[in-house]
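**Student:** Contents of start_10.txt (compact mmCIF, C-alpha atoms and all ligand atoms) are given next:
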# COMPACT_ATOMS: atom_id res chain seq x y z
CA MET A 1 -20.04 -46.90 39.46
CA LYS A 2 -18.81 -50.47 39.66
CA THR A 3 -16.76 -52.56 42.03
CA ILE A 4 -14.52 -54.94 40.13
CA LEU A 5 -12.59 -57.78 41.70
CA ILE A 6 -9.41 -58.44 39.71
CA THR A 7 -7.59 -61.60 40.76
CA GLY A 8 -3.86 -62.08 40.17
CA GLY A 9 -3.34 -58.34 39.76
CA ALA A 10 0.21 -58.42 41.13
CA GLY A 11 1.36 -60.79 38.37
CA PHE A 12 2.60 -60.01 34.87
CA ILE A 13 -0.60 -59.45 32.89
CA GLY A 14 -2.69 -58.63 35.96
CA CYS A 15 -0.60 -55.59 36.91
CA HIS A 16 -1.10 -54.05 33.46
CA VAL A 17 -4.85 -54.69 33.65
CA VAL A 18 -5.09 -53.21 37.16
CA LYS A 19 -3.11 -50.11 36.16
CA LEU A 20 -5.24 -49.58 33.05
CA PHE A 21 -8.56 -49.89 34.92
CA VAL A 22 -7.50 -47.82 37.95
CA GLU A 23 -6.22 -44.97 35.78
CA LYS A 24 -8.87 -45.03 33.06
CA TYR A 25 -11.96 -45.52 35.25
CA PRO A 26 -11.79 -43.31 38.38
CA ASP A 27 -15.48 -44.12 39.08
CA TYR A 28 -14.77 -47.83 39.41
CA THR A 29 -13.42 -49.35 42.59
CA ILE A 30 -10.76 -51.90 41.74
CA ILE A 31 -10.04 -54.60 44.29
CA ASN A 32 -6.92 -56.60 43.54
CA LEU A 33 -6.87 -60.02 45.21
CA ASP A 34 -3.52 -61.74 44.96
CA ALA A 35 -1.83 -64.41 47.09
CA LEU A 36 1.61 -62.99 46.23
CA THR A 37 3.09 -66.33 45.23
CA TYR A 38 6.61 -66.26 43.76
CA ALA A 39 5.03 -64.71 40.62
CA GLY A 40 3.23 -61.84 42.36
CA ASN A 41 5.06 -58.60 43.06
CA LEU A 42 3.54 -55.45 44.52
CA GLU A 43 6.39 -53.40 43.05
CA ASN A 44 4.58 -53.91 39.74
CA LEU A 45 1.85 -51.64 41.07
CA CYS A 46 3.80 -48.73 42.63
CA ALA A 47 2.31 -46.31 40.11
CA ILE A 48 -1.25 -46.73 41.41
CA GLU A 49 -0.85 -48.14 44.93
CA ASN A 50 -2.17 -44.95 46.58
CA ALA A 51 -5.01 -44.32 44.13
CA LYS A 52 -8.35 -43.63 45.84
CA ASN A 53 -10.22 -46.17 43.72
CA TYR A 54 -7.76 -49.03 44.38
CA LYS A 55 -7.50 -51.58 47.16
CA PHE A 56 -5.11 -54.53 47.48
CA ILE A 57 -6.06 -57.65 49.42
CA LYS A 58 -3.54 -60.41 50.00
CA GLY A 59 -5.37 -63.72 49.81
CA ASP A 60 -5.89 -67.05 48.11
CA ILE A 61 -8.65 -67.57 45.53
CA CYS A 62 -9.12 -71.08 46.97
CA ASP A 63 -10.02 -69.70 50.42
CA ARG A 64 -13.82 -70.00 50.40
CA ASN A 65 -14.38 -68.03 53.61
CA LEU A 66 -12.24 -65.15 52.39
CA ILE A 67 -13.97 -65.04 49.00
CA LYS A 68 -17.42 -65.08 50.63
CA ALA A 69 -16.47 -62.28 53.04
CA LEU A 70 -14.99 -60.26 50.22
CA PHE A 71 -18.13 -60.50 48.05
CA GLU A 72 -20.33 -59.63 51.04
CA LYS A 73 -18.25 -56.69 52.23
CA HIS A 74 -17.47 -55.06 48.90
CA HIS A 75 -20.62 -55.84 46.84
CA ILE A 76 -18.64 -57.03 43.85
CA ASP A 77 -20.29 -56.31 40.47
CA ALA A 78 -17.76 -58.05 38.25
CA VAL A 79 -14.78 -60.36 38.39
CA ILE A 80 -11.82 -60.27 36.01
CA HIS A 81 -10.08 -63.52 36.87
CA LEU A 82 -6.38 -63.79 36.06
CA ALA A 83 -4.90 -65.50 39.15
CA ALA A 84 -3.32 -68.79 38.17
CA GLU A 85 -0.24 -70.91 38.19
CA SER A 86 1.01 -70.00 34.73
CA HIS A 87 4.34 -71.64 33.87
CA VAL A 88 4.23 -74.83 31.78
CA ASP A 89 7.59 -76.16 33.05
CA ARG A 90 6.47 -75.85 36.67
CA SER A 91 3.24 -77.69 35.80
CA ILE A 92 5.30 -80.62 34.54
CA THR A 93 7.14 -80.97 37.87
CA ASN A 94 4.22 -79.92 40.10
CA PRO A 95 0.83 -80.66 38.49
CA PHE A 96 -1.14 -80.74 41.75
CA ASP A 97 -0.49 -77.03 42.46
CA PHE A 98 -1.91 -76.25 39.03
CA ALA A 99 -5.05 -78.34 39.54
CA HIS A 100 -5.58 -76.76 42.94
CA THR A 101 -5.17 -73.09 42.01
CA ASN A 102 -6.44 -73.11 38.46
CA ILE A 103 -9.41 -75.44 38.88
CA MET A 104 -10.42 -75.19 42.54
CA GLY A 105 -9.62 -71.47 42.69
CA THR A 106 -11.77 -70.72 39.65
CA LEU A 107 -14.58 -72.92 41.00
CA THR A 108 -14.44 -71.11 44.35
CA LEU A 109 -14.84 -67.72 42.66
CA LEU A 110 -17.58 -68.94 40.32
CA ASN A 111 -19.57 -70.45 43.13
CA GLN A 112 -19.38 -67.35 45.28
CA ALA A 113 -20.36 -65.15 42.33
CA LYS A 114 -23.37 -67.40 41.77
CA GLU A 115 -24.32 -67.31 45.46
CA SER A 116 -23.90 -63.55 45.80
CA TRP A 117 -25.53 -62.61 42.49
CA LYS A 118 -28.22 -65.26 42.17
CA ASN A 119 -31.19 -62.98 42.81
CA ASP A 120 -30.06 -60.42 40.29
CA TYR A 121 -27.58 -61.06 37.52
CA SER A 122 -28.19 -57.70 35.80
CA GLY A 123 -25.02 -55.69 35.35
CA LYS A 124 -22.92 -58.58 36.66
CA LEU A 125 -20.06 -60.29 34.80
CA PHE A 126 -17.58 -63.09 35.45
CA TYR A 127 -14.75 -62.53 32.97
CA HIS A 128 -12.32 -65.45 32.84
CA ILE A 129 -8.86 -64.97 31.33
CA SER A 130 -7.70 -68.11 29.56
CA THR A 131 -5.01 -69.19 27.16
CA ASP A 132 -4.65 -70.46 23.58
CA GLU A 133 -2.89 -73.54 25.01
CA VAL A 134 -6.30 -75.14 25.74
CA PHE A 135 -6.59 -75.81 21.98
CA GLY A 136 -3.49 -78.02 21.93
CA SER A 137 -0.83 -77.90 19.25
CA LEU A 138 -1.03 -76.97 15.54
CA GLY A 139 0.92 -78.33 12.57
CA ASN A 140 2.46 -75.98 10.01
CA GLU A 141 -0.90 -74.72 8.79
CA GLY A 142 -4.05 -73.25 10.32
CA TYR A 143 -5.12 -71.17 13.28
CA PHE A 144 -7.00 -71.59 16.53
CA LEU A 145 -10.55 -70.27 16.15
CA GLU A 146 -13.09 -69.74 18.92
CA ASP A 147 -14.79 -73.04 18.02
CA THR A 148 -11.59 -75.12 17.73
CA PRO A 149 -12.11 -78.17 19.97
CA TYR A 150 -10.21 -78.19 23.24
CA ASP A 151 -7.20 -80.54 23.24
CA PRO A 152 -4.92 -79.50 26.13
CA LYS A 153 -1.64 -81.36 26.33
CA SER A 154 0.26 -80.13 29.40
CA PRO A 155 -0.84 -80.19 33.04
CA TYR A 156 -1.00 -76.36 32.85
CA SER A 157 -3.24 -76.29 29.79
CA ALA A 158 -5.37 -79.16 31.14
CA SER A 159 -5.98 -77.17 34.32
CA LYS A 160 -6.85 -74.02 32.33
CA ALA A 161 -9.17 -76.01 30.02
CA SER A 162 -10.88 -77.48 33.04
CA SER A 163 -11.40 -74.02 34.54
CA ASP A 164 -12.86 -72.81 31.22
CA HIS A 165 -15.29 -75.75 31.27
CA PHE A 166 -16.40 -74.84 34.78
CA VAL A 167 -17.09 -71.28 33.65
CA ARG A 168 -19.28 -72.58 30.81
CA ALA A 169 -20.96 -75.07 33.16
CA TYR A 170 -21.89 -72.29 35.60
CA GLU A 171 -23.27 -70.24 32.77
CA ASN A 172 -25.31 -73.13 31.38
CA THR A 173 -26.51 -74.52 34.70
CA TYR A 174 -27.01 -71.40 36.81
CA GLY A 175 -27.22 -68.65 34.18
CA LEU A 176 -24.08 -66.95 35.50
CA PRO A 177 -23.14 -64.15 33.06
CA ALA A 178 -19.66 -65.03 31.85
CA ILE A 179 -17.17 -64.28 29.08
CA ILE A 180 -13.92 -66.14 28.32
CA THR A 181 -10.96 -64.89 26.30
CA ASN A 182 -8.14 -67.14 25.09
CA CYS A 183 -4.91 -65.28 24.46
CA SER A 184 -1.57 -66.14 22.88
CA ASN A 185 1.92 -65.61 24.42
CA ASN A 186 2.34 -62.21 26.07
CA TYR A 187 5.62 -60.33 26.36
CA GLY A 188 6.61 -57.01 27.87
CA PRO A 189 7.58 -55.36 31.17
CA ASN A 190 7.08 -57.09 34.56
CA GLN A 191 7.14 -60.70 33.34
CA PHE A 192 8.72 -63.16 35.75
CA PRO A 193 12.12 -64.26 34.37
CA GLU A 194 11.17 -67.93 34.13
CA LYS A 195 9.41 -67.29 30.81
CA LEU A 196 11.42 -67.30 27.59
CA ILE A 197 11.84 -63.59 26.82
CA PRO A 198 12.76 -62.13 30.26
CA LEU A 199 14.83 -65.22 31.08
CA PHE A 200 16.90 -64.81 27.94
CA ILE A 201 17.28 -61.03 28.37
CA ASN A 202 18.55 -61.59 31.90
CA ASN A 203 20.89 -64.40 30.86
CA ILE A 204 22.36 -62.38 27.99
CA LYS A 205 22.93 -59.46 30.34
CA ASN A 206 24.81 -61.79 32.70
CA ASN A 207 26.63 -63.75 29.98
CA LYS A 208 24.85 -66.97 30.94
CA ALA A 209 23.89 -69.85 28.62
CA LEU A 210 20.61 -69.48 26.68
CA PRO A 211 18.85 -72.85 27.14
CA VAL A 212 16.92 -73.52 23.91
CA TYR A 213 14.57 -76.50 24.25
CA GLY A 214 14.91 -79.15 21.54
CA GLU A 215 15.84 -77.64 18.17
CA GLY A 216 14.23 -74.27 18.87
CA LEU A 217 11.70 -74.83 16.07
CA ASN A 218 8.51 -74.48 18.12
CA VAL A 219 6.34 -71.55 17.10
CA ARG A 220 4.56 -69.06 19.36
CA ASP A 221 2.34 -66.06 18.52
CA TRP A 222 3.53 -63.07 20.58
CA LEU A 223 1.41 -60.15 21.79
CA TYR A 224 2.61 -57.09 23.71
CA VAL A 225 1.10 -57.23 27.20
CA GLU A 226 -0.45 -53.74 27.08
CA ASP A 227 -2.31 -54.77 23.93
CA HIS A 228 -3.72 -57.72 25.86
CA ALA A 229 -4.79 -55.38 28.68
CA ARG A 230 -6.51 -53.13 26.11
CA ALA A 231 -8.30 -56.16 24.66
CA ILE A 232 -9.51 -57.11 28.15
CA ASP A 233 -10.86 -53.57 28.60
CA VAL A 234 -12.70 -53.77 25.26
CA VAL A 235 -14.17 -57.22 25.93
CA PHE A 236 -15.15 -56.30 29.51
CA HIS A 237 -17.13 -53.30 28.28
CA LYS A 238 -18.39 -54.41 24.87
CA GLY A 239 -18.23 -58.22 24.82
CA THR A 240 -21.37 -60.32 24.50
CA ILE A 241 -22.29 -62.30 27.60
CA GLY A 242 -21.82 -66.02 26.95
CA ASP A 243 -19.33 -65.41 24.17
CA THR A 244 -15.69 -66.34 23.86
CA TYR A 245 -13.01 -64.33 22.02
CA ASN A 246 -9.53 -65.24 20.84
CA ILE A 247 -6.81 -62.64 21.37
CA GLY A 248 -3.53 -62.82 19.45
CA GLY A 249 -0.86 -60.83 17.73
CA PHE A 250 -0.83 -62.38 14.21
CA ASN A 251 2.87 -62.46 15.06
CA GLU A 252 4.33 -65.96 14.80
CA TRP A 253 7.96 -66.67 15.52
CA LYS A 254 10.04 -69.84 15.62
CA ASN A 255 11.75 -69.75 19.03
CA ILE A 256 15.25 -69.77 17.56
CA GLU A 257 14.49 -66.85 15.23
CA LEU A 258 12.98 -64.83 18.06
CA ILE A 259 16.00 -65.60 20.24
CA LYS A 260 18.36 -64.37 17.51
CA VAL A 261 16.45 -61.07 17.32
CA ILE A 262 16.78 -60.65 21.10
CA CYS A 263 20.51 -61.43 20.87
CA LYS A 264 21.00 -58.85 18.13
CA VAL A 265 19.11 -56.06 19.93
CA MET A 266 20.92 -56.90 23.19
CA ASP A 267 24.33 -56.72 21.48
CA THR A 268 23.49 -53.21 20.31
CA LYS A 269 22.10 -52.09 23.67
CA LEU A 270 25.04 -53.50 25.62
CA GLY A 271 27.62 -52.19 23.15
CA ARG A 272 28.81 -55.70 22.35
CA GLU A 273 30.13 -56.83 18.98
CA GLU A 274 27.34 -58.29 16.79
CA GLY A 275 27.17 -62.09 17.26
CA THR A 276 28.44 -62.05 20.85
CA SER A 277 25.12 -62.98 22.49
CA GLU A 278 24.27 -65.68 19.90
CA LYS A 279 27.30 -67.60 21.10
CA LEU A 280 25.43 -68.14 24.39
CA ILE A 281 22.75 -70.24 22.62
CA THR A 282 22.84 -73.77 24.05
CA TYR A 283 20.48 -76.52 22.88
CA VAL A 284 19.14 -78.48 25.85
CA LYS A 285 16.76 -81.38 26.45
CA ASP A 286 13.29 -80.62 25.06
CA ARG A 287 10.33 -79.79 27.28
CA ALA A 288 8.26 -82.97 27.86
CA GLY A 289 5.25 -83.00 25.51
CA HIS A 290 6.35 -79.65 24.03
CA ASP A 291 3.51 -78.15 21.93
CA MET A 292 4.84 -77.44 18.43
CA ARG A 293 2.89 -74.42 17.26
CA TYR A 294 0.28 -71.98 18.55
CA ALA A 295 -1.38 -69.43 16.27
CA ILE A 296 -4.46 -67.42 17.13
CA ASP A 297 -7.01 -66.06 14.71
CA SER A 298 -8.41 -62.97 16.45
CA THR A 299 -10.56 -61.79 13.53
CA LYS A 300 -13.75 -62.11 15.57
CA LEU A 301 -12.47 -59.64 18.16
CA LYS A 302 -11.45 -57.22 15.43
CA GLU A 303 -14.69 -57.48 13.45
CA ASN A 304 -17.12 -57.55 16.40
CA LEU A 305 -15.44 -55.26 18.92
CA GLY A 306 -12.86 -53.30 16.89
CA TRP A 307 -9.74 -54.45 18.77
CA GLU A 308 -6.45 -55.18 17.08
CA PRO A 309 -2.81 -55.18 18.24
CA SER A 310 -1.28 -51.71 18.21
CA LEU A 311 2.43 -52.50 18.37
CA GLN A 312 4.65 -54.03 15.73
CA PHE A 313 6.92 -56.71 17.20
CA GLU A 314 10.15 -54.81 16.44
CA GLU A 315 8.89 -51.87 18.51
CA GLY A 316 7.50 -54.09 21.27
CA ILE A 317 10.67 -56.12 21.75
CA GLU A 318 12.80 -52.97 21.85
CA LYS A 319 10.53 -51.43 24.52
CA THR A 320 10.64 -54.69 26.45
CA ILE A 321 14.42 -54.99 26.40
CA ASN A 322 14.77 -51.32 27.40
CA TRP A 323 12.44 -51.92 30.35
CA TYR A 324 14.45 -54.87 31.72
CA LEU A 325 17.72 -53.01 31.27
CA ASP A 326 16.31 -49.88 32.95
CA ASN A 327 14.77 -51.86 35.81
CA GLU A 328 17.78 -53.77 37.02
CA ALA A 329 16.69 -53.52 40.67
CA TRP A 330 13.32 -55.14 39.86
CA LEU A 331 15.05 -58.00 38.07
CA ASN A 332 17.80 -58.44 40.65
CA SER A 333 15.33 -58.55 43.54
CA ILE A 334 13.62 -61.55 41.91
CA VAL A 335 16.57 -63.64 40.79
CA THR A 336 17.65 -64.57 44.30
CA GLY A 337 16.62 -67.21 46.88
CA ASP A 338 13.78 -69.41 45.58
CA TYR A 339 14.53 -68.42 42.00
CA LYS A 340 18.06 -69.78 42.28
CA ASP A 341 16.70 -73.12 43.55
CA TYR A 342 14.19 -73.24 40.70
CA TYR A 343 16.90 -72.40 38.15
CA GLU A 344 19.22 -75.06 39.52
CA LYS A 345 16.52 -77.77 39.31
CA GLN A 346 15.18 -76.70 35.90
CA TYR A 347 18.43 -76.04 34.03
CA VAL A 348 21.63 -76.97 35.83
CA SER A 349 21.15 -80.34 37.49
CA GLN A 350 19.08 -82.04 34.73
P1 LIG B 1 1.75 -64.77 36.47
O1 LIG B 1 2.23 -66.11 36.89
O2 LIG B 1 2.73 -63.72 36.10
O3 LIG B 1 0.83 -64.14 37.62
C1 LIG B 1 -0.12 -64.90 38.31
C2 LIG B 1 -0.58 -64.09 39.53
O4 LIG B 1 -1.56 -64.87 40.23
C3 LIG B 1 0.54 -63.80 40.52
O5 LIG B 1 0.48 -62.46 40.95
C4 LIG B 1 0.26 -64.75 41.68
O6 LIG B 1 0.68 -64.26 42.94
C5 LIG B 1 -1.26 -64.86 41.61
N1 LIG B 1 -1.75 -66.12 42.19
C6 LIG B 1 -1.30 -67.37 41.94
N2 LIG B 1 -1.99 -68.26 42.68
C7 LIG B 1 -2.91 -67.54 43.39
C8 LIG B 1 -3.92 -67.89 44.32
N3 LIG B 1 -4.13 -69.17 44.69
N4 LIG B 1 -4.69 -66.92 44.85
C9 LIG B 1 -4.50 -65.61 44.47
N5 LIG B 1 -3.54 -65.23 43.61
C10 LIG B 1 -2.76 -66.18 43.07
O7 LIG B 1 0.72 -65.04 35.30
P2 LIG B 1 0.42 -64.19 33.97
O8 LIG B 1 1.39 -64.57 32.93
O9 LIG B 1 0.23 -62.79 34.35
O10 LIG B 1 -0.98 -64.83 33.56
C11 LIG B 1 -2.19 -64.30 34.08
C12 LIG B 1 -3.35 -65.09 33.51
O11 LIG B 1 -3.36 -64.99 32.10
C13 LIG B 1 -3.31 -66.58 33.84
O12 LIG B 1 -4.62 -67.01 34.09
C14 LIG B 1 -2.76 -67.21 32.58
O13 LIG B 1 -3.22 -68.54 32.44
C15 LIG B 1 -3.33 -66.29 31.52
N6 LIG B 1 -2.56 -66.18 30.27
C16 LIG B 1 -1.21 -65.89 30.31
C17 LIG B 1 -0.52 -65.72 29.12
C18 LIG B 1 0.96 -65.36 29.09
O14 LIG B 1 1.56 -65.35 28.01
N7 LIG B 1 1.58 -65.05 30.22
C19 LIG B 1 -1.18 -65.87 27.89
C20 LIG B 1 -2.55 -66.19 27.90
C21 LIG B 1 -3.23 -66.33 29.09
O1 LIG B 2 0.29 -69.37 24.78
C1 LIG B 2 -0.02 -68.73 25.98
C2 LIG B 2 0.88 -69.25 27.08
O2 LIG B 2 2.18 -68.73 26.84
C3 LIG B 2 0.40 -68.89 28.47
O3 LIG B 2 -0.84 -69.48 28.72
C4 LIG B 2 1.42 -69.32 29.53
O4 LIG B 2 1.00 -68.88 30.81
C5 LIG B 2 2.77 -68.72 29.18
O5 LIG B 2 3.74 -69.17 30.10
C6 LIG B 2 3.18 -69.08 27.76
O6 LIG B 2 3.51 -70.48 27.65
P1 LIG B 2 4.78 -71.01 26.81
O7 LIG B 2 5.14 -72.34 27.32
O8 LIG B 2 4.56 -70.86 25.35
O9 LIG B 2 5.86 -69.87 27.25
P2 LIG B 2 7.40 -69.97 27.69
O10 LIG B 2 7.91 -68.57 27.77
O11 LIG B 2 7.60 -70.86 28.86
O12 LIG B 2 8.08 -70.67 26.44
C7 LIG B 2 8.01 -70.11 25.14
C8 LIG B 2 8.71 -71.07 24.18
O13 LIG B 2 10.12 -71.07 24.49
C9 LIG B 2 8.26 -72.51 24.33
O14 LIG B 2 8.25 -73.13 23.05
C10 LIG B 2 9.35 -73.15 25.19
C11 LIG B 2 10.60 -72.38 24.82
N1 LIG B 2 11.58 -72.22 25.91
C12 LIG B 2 11.14 -71.73 27.11
C13 LIG B 2 12.03 -71.59 28.17
C14 LIG B 2 11.55 -71.07 29.50
C15 LIG B 2 12.93 -72.54 25.70
O15 LIG B 2 13.32 -72.96 24.61
N2 LIG B 2 13.78 -72.41 26.76
C16 LIG B 2 13.40 -71.96 27.97
O16 LIG B 2 14.24 -71.87 28.89
Go through the file and emit its structure as structure tokens.

**Tutor:**
Amino acid sequence: MKTILITGGAGFIGCHVVKLFVEKYPDYTIINLDALTYAGNLENLCAIENAKNYKFIKGDICDRNLIKALFEKHHIDAVIHLAAESHVDRSITNPFDFAHTNIMGTLTLLNQAKESWKNDYSGKLFYHISTDEVFGSLGNEGYFLEDTPYDPKSPYSASKASSDHFVRAYENTYGLPAIITNCSNNYGPNQFPEKLIPLFINNIKNNKALPVYGEGLNVRDWLYVEDHARAIDVVFHKGTIGDTYNIGGFNEWKNIELIKVICKVMDTKLGREEGTSEKLITYVKDRAGHDMRYAIDSTKLKENLGWEPSLQFEEGIEKTINWYLDNEAWLNSIVTGDYKDYYEKQYVSQ
């Protein structure tokens, strides 16, 4: 019997983690704390919203009084912390929001966990979900390992690196039991269409330009989101306190090559002549400070805890595209209002 606080559970990765834990562990009580920013969407959680072992609380991780009350009322045993501002482009135009949520929000949770658990850390865990971007950018060779020095280069990754450092500082200074995982790029259902894959699927569907930053030669390592959720389950239950684990897909793609695969699959799905969607590719101004290559070595997680990705990319991208095409209402409900303003500022009026 455990009560787990999952933060950011209405977002992309968070909703898959919440669904997995609620369905797989009926003896656990899962409390999902989410501020429902533009990126949070309760429709992501319809499947489990009435489950007996699930409770949603709308609130901000930076709200110290709320976090204190929540720990006191629900006797939280563990935190799986995903809530964050997560989009690199938004961090370039709005770095303060990222510092506030990602650093101050994490600190608020850490401090309350320390205060609430300080007399007895047994059975307690603060599990912090981080990113491979904290390691900076690779050249053509090599991989990020768990002991690769931090070298964040965007306001987003600097804020995530800072939050990771606070987790380690709380562990070292106060003995707080903590684990950090650093994951590569996720893709799959429920991702907000500001990120490359859902943005491009939506644009192809609507015959809109596909804005490729720079020459499209940057490399990312893609992991299907349900595989990430499974890794989080494994690390939560079997990970060593104080340890850190890299999570990745061993699945590197140059952006332009990935985009061409999406175009090809979309042509087939939409019954368009092959090559139609590729004509939408438009090279635009590069992202400022654009990291060239990320590649994760997740051997430690495989050897120590037995996790590895289950899906091949071809299968994952097909499932992903099917999901966005089958869930038109979900997509259409997002790409209105604020999204249109964001799109205009990010892509049209540059
Ligand atoms: P997301 O932007 O889709 O979701 C973030 C969620 O956090 C949203 O539901 C939002 O409402 C909530 N949130 C934001 N600010 C909040 C606040 N102040 N209080 C409470 N809730 C708040 O993000 P995601 O892509 O699902 O990423 C989740 C986590 O995983 C983040 O910590 C991110 O850094 C990390 N991560 C993401 C990826 C990726 O490829 N998406 C890869 C590695 C790590
Ligand atoms: O590596 C993990 C990280 O992956 C996570 O920590 C972040 O939360 C997540 O957003 C993601 O960051 P990226 O910047 O790699 O993802 P994004 O989907 O924004 O971009 C992927 C690549 O595609 C990147 O090289 C930039 C490029 N791109 C992106 C957009 C939105 C384009 O060329 N055009 C675009 O319009």

**Student:** Starting from the point (6.3, -79.1, 16.1), work out which residues of protein, DNA or RNA have an atom no more than 8 Å away when counting only C-alpha atoms; state them as a PyMOL selection string.

**Tutor:** chain A and resi 137-140+217-219+290-293

**Student:** Generate the output file for the selected residues, C-alpha atoms, as a tab-separated table (two decimals), in the coordinates of the input.

**Tutor:**
chain	number	residue	atom	x	y	z
A	137	SER	CA	-0.83	-77.90	19.25
A	138	LEU	CA	-1.03	-76.97	15.54
A	139	GLY	CA	0.92	-78.33	12.57
A	140	ASN	CA	2.46	-75.98	10.01
A	217	LEU	CA	11.70	-74.83	16.07
A	218	ASN	CA	8.51	-74.48	18.12
A	219	VAL	CA	6.34	-71.55	17.10
A	290	HIS	CA	6.35	-79.65	24.03
A	291	ASP	CA	3.51	-78.15	21.93
A	292	MET	CA	4.84	-77.44	18.43
A	293	ARG	CA	2.89	-74.42	17.26

**Student:** Record the distance separating atom CA of A:Gly216 and atom C4 of ligand LIG 2 (chain B), expressed in Å with one decimal.

**Tutor:** 17.4 Å

**Student:** Which residues are close to A:Ile57, i.e. within 7 Å by all atoms listed in the file, leaving aside same-chain residues fewer than 4 positions away? Reply as a PDB file with C-alpha atoms, keeping the file's coordinate frame.

**Tutor:**
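Wrote it out as around28.pdb, contents follow:
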ATOM      1  CA  ASN A  32      -6.920 -56.600  43.540  1.00  0.00           C
ATOM      2  CA  LEU A  33      -6.870 -60.020  45.210  1.00  0.00           C
ATOM      3  CA  ASP A  34      -3.520 -61.740  44.960  1.00  0.00           C
TER       4      ASP A  34
END

**Student:** For a test of reading the model, state the distance in Å between atom CA of A:Trp117 and atom C15 of ligand LIG 1 (chain B), rounded to one decimal.

**Tutor:**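 Separation of atom CA of A:Trp117 and atom C15 of ligand LIG 1 (chain B): 25.0 Å.
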
**Student:** Have a look at A:Ala329, A:Cys46, A:Ala161, A:Leu145 and name the one nearest to ligand LIG 1 (chain B); count all atoms listed in the file.

**Tutor:**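 Among the listed residues, the smallest separation from ligand LIG 1 (chain B) belongs to A:Ala161.
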
**Student:** So what do you get for atom CA of A:Ala158 versus atom CA of A:Glu141, distance-wise?

**Tutor:** 23.2 Å

**Student:** With distances taken over all atoms listed in the file, which of A:Thr268, A:Asn327, A:Ser298, A:Asn111 is nearest to A:Phe166?

**Tutor:**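 Residue with the minimum atom-to-atom distance to A:Phe166: A:Asn111.
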
**Student:** Residues around (16.7, -64.4, 42.2), cut-off 12 Å, counting only C-alpha atoms - what are they as a ChimeraX atom specification?

**Tutor:** /A:38-39,192-194,199,202,328-344

**Student:** If the limit is 7 Å from any atom of ligand LIG 1 (chain B), counting all atoms listed in the file, which residues qualify? Return them as a PyMOL selection string.

**Tutor:** chain A and resi 7-14+33-41+59-62+82-87+101+105+129-132+160+182-187+191-192

**Student:** Please report, as lines of an AutoDock Vina configuration file, the centre and edge lengths in Å to one decimal of an axis-aligned box covering all listed atoms of ligand LIG 2 (chain B) with 5 Å per side.

**Tutor:**
center_x = 6.7
center_y = -70.9
center_z = 26.9
size_x = 25.1
size_y = 14.6
size_z = 17.8

**Student:** For A:Phe56, which residue among A:Asn255, A:Leu5, A:His81, A:Asn119 is the nearest when counting all atoms listed in the file?

**Tutor:**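 Of A:Asn255, A:Leu5, A:His81, A:Asn119, the one nearest A:Phe56, counting all atoms listed in the file, is A:Leu5.
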
**Student:** Of the candidates A:Glu278, A:Asp286, A:Glu171, A:Asp243, which one gets nearest to ligand LIG 2 (chain B) if we count all atoms listed in the file?

**Tutor:** A:Asp286

**Student:** Ranking A:Ala113, A:Ala99, A:Met104, A:Ile259 by minimum distance to ligand LIG 2 (chain B) and counting only C-alpha atoms and all ligand atoms, which one comes first?

**Tutor:**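 Looking only at the distances to ligand LIG 2 (chain B), the closest residue turns out to be A:Ile259.
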
**Student:** Quick one: of A:Tyr224, A:Tyr156, A:Tyr324, A:Tyr170, who's nearest to ligand LIG 2 (chain B), counting only C-alpha atoms and all ligand atoms?

**Tutor:**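 Of A:Tyr224, A:Tyr156, A:Tyr324, A:Tyr170, the one nearest ligand LIG 2 (chain B) is A:Tyr156, counting only C-alpha atoms and all ligand atoms.
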
**Student:** Leaving out stretch 27-31 of chain A and any residue of its chain fewer than 6 positions from it, which residues lie within 12 Å of it when counting all atoms listed in the file, given as a short mmCIF file (atom, residue, chain, number, x, y, z; two decimals) with C-alpha atoms, in the coordinates of the input?

**Tutor:**
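The new file around20.cif reads:
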data_model
loop_
_atom_site.label_atom_id
_atom_site.label_comp_id
_atom_site.auth_asym_id
_atom_site.auth_seq_id
_atom_site.Cartn_x
_atom_site.Cartn_y
_atom_site.Cartn_z
CA MET A 1 -20.04 -46.90 39.46
CA LYS A 2 -18.81 -50.47 39.66
CA THR A 3 -16.76 -52.56 42.03
CA ILE A 4 -14.52 -54.94 40.13
CA LEU A 5 -12.59 -57.78 41.70
CA ILE A 6 -9.41 -58.44 39.71
CA THR A 7 -7.59 -61.60 40.76
CA GLY A 8 -3.86 -62.08 40.17
CA GLY A 9 -3.34 -58.34 39.76
CA ALA A 10 0.21 -58.42 41.13
CA GLY A 14 -2.69 -58.63 35.96
CA CYS A 15 -0.60 -55.59 36.91
CA VAL A 17 -4.85 -54.69 33.65
CA VAL A 18 -5.09 -53.21 37.16
CA LYS A 19 -3.11 -50.11 36.16
CA LEU A 20 -5.24 -49.58 33.05
CA PHE A 21 -8.56 -49.89 34.92
CA ILE A 48 -1.25 -46.73 41.41
CA GLU A 49 -0.85 -48.14 44.93
CA ALA A 51 -5.01 -44.32 44.13
CA LYS A 52 -8.35 -43.63 45.84
CA ASN A 53 -10.22 -46.17 43.72
CA TYR A 54 -7.76 -49.03 44.38
CA LYS A 55 -7.50 -51.58 47.16
CA PHE A 56 -5.11 -54.53 47.48
CA ILE A 57 -6.06 -57.65 49.42
CA LYS A 58 -3.54 -60.41 50.00
CA GLY A 59 -5.37 -63.72 49.81
CA LEU A 70 -14.99 -60.26 50.22
CA PHE A 71 -18.13 -60.50 48.05
CA LYS A 73 -18.25 -56.69 52.23
CA HIS A 74 -17.47 -55.06 48.90
CA HIS A 75 -20.62 -55.84 46.84
CA ILE A 76 -18.64 -57.03 43.85
CA ASP A 77 -20.29 -56.31 40.47
CA ALA A 78 -17.76 -58.05 38.25
CA VAL A 79 -14.78 -60.36 38.39
CA ILE A 80 -11.82 -60.27 36.01
CA HIS A 81 -10.08 -63.52 36.87
#
